[in-house]
>>> print(open('coords27.csv').read())   # CSV, C-alpha atoms
chain,number,residue,atom,x,y,z
B,106,MET,CA,57.0,92.5,125.7
B,107,SER,CA,55.7,93.3,122.3
B,108,VAL,CA,57.2,91.9,119.1
B,109,ILE,CA,57.1,94.2,116.0
B,110,PHE,CA,56.6,92.5,112.7
B,111,SER,CA,57.6,94.7,109.7
B,112,LEU,CA,59.1,94.0,106.3
B,113,ASN,CA,61.4,97.0,106.7
B,114,PRO,CA,61.7,97.8,110.4
B,115,ALA,CA,63.0,101.1,111.7
B,116,ARG,CA,63.0,102.6,108.3
B,117,GLY,CA,62.8,106.2,109.4
B,118,SER,CA,65.6,105.8,112.0
B,119,ARG,CA,67.8,104.1,109.4
B,120,ILE,CA,67.2,106.9,106.9
B,121,VAL,CA,68.3,109.4,109.5
B,122,ASN,CA,71.4,107.3,110.3
B,123,THR,CA,72.2,107.2,106.5
B,124,LEU,CA,72.1,111.0,106.3
B,125,VAL,CA,74.4,111.4,109.3
B,126,LEU,CA,76.8,108.8,107.8
B,127,LEU,CA,76.7,110.8,104.5
B,128,ALA,CA,77.6,114.0,106.5
B,129,ILE,CA,80.5,112.1,108.1
B,130,SER,CA,81.7,110.9,104.7
B,131,VAL,CA,81.5,114.5,103.3
B,132,MET,CA,83.5,115.8,106.3
B,133,LEU,CA,86.2,113.1,105.7
B,134,TYR,CA,86.4,114.0,102.0
B,135,VAL,CA,86.5,117.8,102.8
B,136,ALA,CA,89.3,117.2,105.4
B,137,PHE,CA,91.1,115.1,102.9
B,138,ALA,CA,90.8,117.6,100.0
B,139,TRP,CA,91.8,120.5,102.3
B,140,GLN,CA,95.0,118.7,103.3
B,141,LEU,CA,95.8,117.9,99.6
B,142,LEU,CA,94.8,121.4,98.3
B,143,PHE,CA,96.9,123.3,100.8
B,144,ASP,CA,99.7,120.8,101.1
B,145,ALA,CA,99.3,120.8,104.9
B,146,ALA,CA,102.0,119.0,106.9
B,147,PRO,CA,101.0,115.5,108.3
B,148,CYS,CA,99.2,116.2,111.5
B,149,PRO,CA,98.8,113.3,114.0
B,150,LEU,CA,95.9,114.9,115.8
B,151,CYS,CA,94.0,115.5,112.5
B,152,LEU,CA,94.5,111.9,111.6
B,153,LEU,CA,93.3,110.9,115.1
B,154,GLN,CA,90.1,113.0,114.5
B,155,ARG,CA,89.5,111.3,111.2
B,156,ALA,CA,90.0,107.9,112.8
B,157,ALA,CA,87.4,108.9,115.4
B,158,PHE,CA,85.0,109.9,112.5
B,159,ALA,CA,85.7,106.5,110.9
B,160,MET,CA,84.8,104.7,114.2
B,161,ALA,CA,81.7,106.7,114.7
B,162,GLY,CA,80.7,105.9,111.1
B,163,VAL,CA,81.0,102.2,111.8
B,164,GLY,CA,78.3,102.5,114.5
B,165,LEU,CA,76.0,104.4,112.1
B,166,LEU,CA,76.6,101.9,109.4
B,167,LEU,CA,75.6,99.0,111.7
B,168,ASN,CA,72.4,101.0,112.5
B,169,ILE,CA,71.7,101.1,108.8
B,170,ARG,CA,72.5,97.5,108.0
B,171,LEU,CA,71.2,95.7,111.1
B,172,GLY,CA,68.8,98.2,112.6
B,173,PRO,CA,69.2,100.7,115.4
B,174,SER,CA,70.7,99.3,118.6
B,175,PRO,CA,72.0,100.8,121.9
B,176,LEU,CA,75.3,99.0,121.2
B,177,HIS,CA,75.7,100.8,117.8
B,178,TYR,CA,74.9,104.2,119.4
B,179,ALA,CA,77.4,103.4,122.2
B,180,MET,CA,80.1,102.8,119.5
B,181,VAL,CA,79.3,106.3,118.1
B,182,ILE,CA,79.4,107.9,121.5
B,183,ALA,CA,82.7,106.3,122.4
B,184,ALA,CA,84.2,107.4,119.1
B,185,SER,CA,82.9,110.9,119.5
B,186,LEU,CA,84.3,111.3,123.0
B,187,GLY,CA,87.7,110.2,121.6
B,188,GLY,CA,87.4,112.7,118.7
B,189,LEU,CA,86.4,115.4,121.1
B,190,ALA,CA,89.5,114.8,123.2
B,191,ALA,CA,91.7,115.0,120.0
B,192,ALA,CA,90.0,118.1,118.6
B,193,GLY,CA,89.8,119.8,122.0
B,194,ASN,CA,93.5,119.2,122.6
B,195,GLN,CA,94.3,120.7,119.2
B,196,LEU,CA,92.0,123.7,120.0
B,197,LEU,CA,93.9,124.3,123.2
B,198,ALA,CA,97.3,123.7,121.6
B,199,GLN,CA,96.6,126.4,119.0
B,200,ALA,CA,95.7,128.8,121.8
B,201,THR,CA,99.1,128.5,123.4
B,202,PRO,CA,101.8,131.2,122.7
B,203,GLY,CA,104.2,130.2,119.9
B,204,ALA,CA,101.8,127.6,118.4
B,205,SER,CA,102.4,126.8,114.8
B,206,PRO,CA,99.2,126.6,112.7
B,207,ALA,CA,98.0,123.1,111.8
B,208,GLY,CA,95.4,121.6,109.5
B,209,GLY,CA,95.7,124.3,106.7
B,210,PRO,CA,93.8,127.6,106.4
B,211,PRO,CA,90.4,128.2,108.0
B,212,LEU,CA,87.3,126.7,106.3
B,213,LEU,CA,84.3,129.0,106.3
B,214,GLY,CA,85.8,131.2,108.9
B,215,MET,CA,86.8,128.4,111.4
B,216,PRO,CA,89.8,126.1,111.5
B,217,VAL,CA,89.1,122.6,110.4
B,218,TYR,CA,89.7,121.2,113.9
B,219,SER,CA,87.0,123.6,115.3
B,220,TRP,CA,84.5,122.2,112.7
B,221,SER,CA,85.6,118.8,113.8
B,222,PHE,CA,85.0,119.6,117.5
B,223,LEU,CA,81.6,121.0,116.6
B,224,ALA,CA,80.8,117.8,114.6
B,225,PHE,CA,81.7,115.5,117.5
B,226,CYS,CA,79.4,117.6,119.8
B,227,LEU,CA,76.6,117.2,117.3
B,228,LEU,CA,77.2,113.5,117.0
B,229,LEU,CA,76.9,113.1,120.8
B,230,GLY,CA,73.7,115.2,120.7
B,231,PHE,CA,72.3,113.0,117.9
B,232,CYS,CA,73.0,109.8,119.9
B,233,VAL,CA,71.4,111.2,123.0
B,234,LEU,CA,68.3,112.2,121.0
B,235,MET,CA,68.1,108.9,119.1
B,236,LEU,CA,68.6,106.8,122.3
B,237,ALA,CA,65.8,108.7,124.0
B,238,ALA,CA,63.4,108.8,121.0
B,239,ASP,CA,64.0,105.6,119.1
B,240,ARG,CA,63.7,102.9,121.7
B,241,LYS,CA,61.1,100.4,120.4
B,242,TRP,CA,63.4,98.3,118.2
B,243,GLY,CA,65.5,96.7,120.9
B,244,ASP,CA,68.6,94.9,119.7
B,245,ASN,CA,69.0,92.3,117.0
B,246,ALA,CA,71.7,91.4,114.5
B,247,LEU,CA,69.4,90.4,111.6
B,248,LYS,CA,70.3,91.9,108.3
B,249,LYS,CA,67.8,94.5,107.0
B,250,PRO,CA,67.1,95.4,103.4
B,251,VAL,CA,69.3,98.3,102.3
B,252,ALA,CA,68.1,100.6,99.5
B,253,LEU,CA,70.5,101.7,96.8
B,254,PRO,CA,71.1,105.3,98.2
B,255,ALA,CA,72.1,103.8,101.5
B,256,LEU,CA,74.4,101.3,99.8
B,257,ILE,CA,76.0,104.2,97.9
B,258,VAL,CA,76.5,106.2,101.1
B,259,MET,CA,78.1,103.1,102.7
B,260,ALA,CA,80.4,102.7,99.7
B,261,LEU,CA,81.4,106.4,99.8
B,262,PHE,CA,82.2,106.0,103.5
B,263,LEU,CA,84.4,103.0,102.8
B,264,LEU,CA,86.2,104.8,100.0
B,265,ALA,CA,86.8,107.8,102.3
B,266,ILE,CA,88.5,105.5,104.8
B,267,LEU,CA,90.5,103.7,102.2
B,268,ALA,CA,91.8,107.1,100.9
B,269,ASN,CA,92.9,107.9,104.4
B,270,VAL,CA,94.7,104.5,104.6
B,271,ALA,CA,96.7,105.5,101.5
B,272,VAL,CA,97.4,109.1,102.6
B,273,SER,CA,98.4,108.2,106.1
B,274,SER,CA,100.8,105.4,105.0
B,275,LEU,CA,102.3,107.7,102.3
B,276,GLU,CA,102.7,110.7,104.6
B,277,CYS,CA,103.7,109.0,107.8
B,278,GLY,CA,105.5,106.0,106.5
B,279,LEU,CA,106.3,103.1,108.9
B,280,ASP,CA,107.4,105.3,111.8
B,281,GLY,CA,105.1,107.7,113.8
B,282,CYS,CA,103.7,110.8,112.2
B,283,GLN,CA,105.6,113.9,113.6
B,284,GLY,CA,103.5,116.8,112.3
B,285,THR,CA,102.6,120.2,113.6
B,286,SER,CA,99.4,119.5,115.5
B,287,THR,CA,100.9,120.4,118.8
B,288,VAL,CA,103.3,123.0,120.0
B,289,SER,CA,106.9,122.3,120.8
B,290,VAL,CA,107.3,125.0,123.4
B,291,PRO,CA,108.8,123.4,126.5
B,292,VAL,CA,107.1,123.9,129.8
B,293,GLY,CA,108.3,127.0,131.7
B,294,SER,CA,109.8,128.8,128.7
H,187,MET,CA,102.4,102.8,110.8
H,188,ILE,CA,100.4,103.4,113.9
H,189,MET,CA,98.6,106.3,112.1
H,190,MET,CA,97.6,104.1,109.2
H,191,LEU,CA,96.4,101.2,111.4
H,192,PRO,CA,93.1,102.7,112.7
H,193,PHE,CA,92.0,103.4,109.1
H,194,LEU,CA,93.0,99.9,108.0
H,195,THR,CA,91.1,98.2,110.8
H,196,SER,CA,88.1,100.5,110.5
H,197,ALA,CA,88.0,99.9,106.7
H,198,LEU,CA,87.8,96.1,107.5
H,199,ALA,CA,85.1,96.8,110.1
H,200,VAL,CA,83.1,98.8,107.5
H,201,TRP,CA,83.4,95.9,105.1
H,202,PHE,CA,82.1,93.4,107.6
H,203,GLY,CA,79.4,95.9,108.6
H,204,MET,CA,78.3,96.2,105.0
H,205,LEU,CA,78.1,92.4,104.8
H,206,GLY,CA,75.9,92.5,107.9
H,207,LYS,CA,78.4,90.5,110.1
H,208,ARG,CA,78.2,92.3,113.4
H,209,ARG,CA,80.7,90.2,115.5
H,210,PRO,CA,83.7,90.6,113.2
H,211,CYS,CA,82.7,94.2,112.6
H,212,PHE,CA,82.5,95.0,116.3
H,213,THR,CA,85.8,93.1,117.0
H,214,LEU,CA,87.6,95.2,114.4
H,215,TRP,CA,86.0,98.3,115.7
H,216,LEU,CA,87.4,97.5,119.2
H,217,ALA,CA,90.8,96.9,117.6
H,218,THR,CA,90.5,100.4,116.0
H,219,LEU,CA,89.6,101.9,119.4
H,220,LEU,CA,92.7,100.3,121.0
H,221,VAL,CA,95.0,101.7,118.2
H,222,PHE,CA,93.2,105.0,118.6
H,223,VAL,CA,94.0,105.0,122.4
H,224,ALA,CA,97.6,104.0,121.7
H,225,GLY,CA,97.9,106.9,119.2
H,226,ALA,CA,96.2,109.3,121.6
H,227,ARG,CA,98.6,108.3,124.4
H,228,LEU,CA,101.4,109.1,122.0
H,229,HIS,CA,100.2,112.4,120.8
H,230,LEU,CA,97.9,113.8,123.5
H,231,ALA,CA,100.4,113.3,126.3
H,232,GLU,CA,102.4,116.5,125.5
H,233,PRO,CA,102.0,119.2,128.1
H,234,LEU,CA,100.0,122.3,127.0
H,235,VAL,CA,101.3,125.8,127.8
H,236,LEU,CA,98.2,127.7,128.2
H,237,ALA,CA,98.1,131.5,128.4
H,238,LEU,CA,94.9,132.2,130.4
>>> encode(input="coords27.csv", output="structure tokens")
Amino acid sequence: MSVIFSLNPARGSRIVNTLVLLAISVMLYVAFAWQLLFDAAPCPLCLLQRAAFAMAGVGLLLNIRLGPSPLHYAMVIAASLGGLAAAGNQLLAQATPGASPAGGPPLLGMPVYSWSFLAFCLLLGFCVLMLAADRKWGDNALKKPVALPALIVMALFLLAILANVAVSSLECGLDGCQGTSTVSVPVGS
Amino acid sequence: MIMMLPFLTSALAVWFGMLGKRRPCFTLWLATLLVFVAGARLHLAEPLVLAL
């Protein structure tokens, strides 16, 4: 087994992870703005998808802070699978007769949950690629030096999640969020 | 409450992640996953009426 000595190990991989975390933060902000701009009703499945993005981001953030590790990629994969289930369910629910639209108007020609589904697929592809190509660093939990841009991206991501804490508690209150993400057509009608 | 919880726990996980503390970060991430599963059981369990 070889030991790699470097002052700034896995720099390239951590830069890529920073860019993906930035993309996730942008998606969270866009979804947040879309909901506020179009005054969309509270939508439990939309919130579940955002929670999945938040969980995936935690794995990416650990990759940036501690270096790439299969554990961190596994966190991203698990979150993406959960997000795919939520987004896929919403896609199917909207295809049913009598479905009420959820998540506001389309964004660049596609509903927001379709973008979300696509993003989770891309995240899974990213993890597969990185797990296959970026194997030489192994696993350790030693803190790595973080450049200012990466620090800003991490702070933006934290702010996006805190904004969701505020909005979900204001919209949903203490009881469950009963929005319009799924249809209310009974089976057999 | 349940819809706010995953964001709260993941915000804490992000905070510990930024500090470079993997164990508390991962523990909070697992808590987020459990809340996510609970929320999914609540909202993904409704039957779909598909018109294929």
>>> closest_residue(input="coords27.csv", among="H:Trp201, H:Phe222, H:Phe193, H:Trp215", to="B:Ala179", atoms="all atoms listed in the file")
H:Trp215
>>> closest_residue(input="coords27.csv", among="H:Ala224, H:Gly206, H:Thr213, H:Leu198", to="chain B", atoms="only C-alpha atoms")
H:Gly206
>>> atom_distance(input="coords27.csv", atom1="atom CA of B:Ile182", atom2="atom CA of B:Ala198")
23.9 Å
>>> closest_atom_pairs(input="coords27.csv", of="chain H", to="chain B", cutoff="8 Å", atoms="only C-alpha atoms", output="Markdown table")
| residue | atom | partner | partner_atom | distance |
| --- | --- | --- | --- | --- |
| H:Met187 | CA | B:Leu279 | CA | 4.3 |
| H:Ile188 | CA | B:Gly281 | CA | 6.4 |
| H:Met189 | CA | B:Ser273 | CA | 6.3 |
| H:Met190 | CA | B:Ser273 | CA | 5.2 |
| H:Leu191 | CA | B:Val270 | CA | 7.7 |
| H:Pro192 | CA | B:Ala156 | CA | 6.1 |
| H:Phe193 | CA | B:Val270 | CA | 5.4 |
| H:Leu194 | CA | B:Val270 | CA | 6.0 |
| H:Ser196 | CA | B:Ala159 | CA | 6.5 |
| H:Ala197 | CA | B:Ile266 | CA | 5.9 |
| H:Ala199 | CA | B:Val163 | CA | 7.0 |
| H:Val200 | CA | B:Val163 | CA | 5.9 |
| H:Trp201 | CA | B:Leu263 | CA | 7.5 |
| H:Gly203 | CA | B:Leu167 | CA | 5.8 |
| H:Met204 | CA | B:Arg170 | CA | 6.7 |
| H:Gly206 | CA | B:Lys248 | CA | 5.6 |
| H:Arg208 | CA | B:Ala246 | CA | 6.7 |
| H:Trp215 | CA | B:Met160 | CA | 6.7 |
| H:Thr218 | CA | B:Met160 | CA | 7.4 |
| H:Leu219 | CA | B:Met160 | CA | 7.6 |
| H:Phe222 | CA | B:Leu153 | CA | 6.9 |
| H:Gly225 | CA | B:Leu153 | CA | 7.3 |
| H:Ala226 | CA | B:Leu153 | CA | 7.3 |
| H:His229 | CA | B:Pro149 | CA | 7.0 |
| H:Leu230 | CA | B:Asn194 | CA | 7.0 |
| H:Glu232 | CA | B:Thr287 | CA | 7.9 |
| H:Pro233 | CA | B:Val292 | CA | 7.1 |
| H:Leu234 | CA | B:Ala198 | CA | 6.2 |
| H:Val235 | CA | B:Thr201 | CA | 5.6 |
| H:Leu236 | CA | B:Thr201 | CA | 4.9 |
| H:Ala237 | CA | B:Thr201 | CA | 5.9 |
>>> atom_distance(input="coords27.csv", atom1="atom CA of B:Gly193", atom2="atom CA of H:Ala231")
13.2 Å
>>> atom_distance(input="coords27.csv", atom1="atom CA of B:Val121", atom2="atom CA of B:Trp139")
27.0 Å
>>> axis_aligned_box(input="coords27.csv", around="stretch 162-174 of chain B", padding_each_side="6 Å", output="JSON")
{"center_x": 74.9, "center_y": 100.8, "center_z": 113.3, "size_x": 24.2, "size_y": 22.2, "size_z": 22.6}
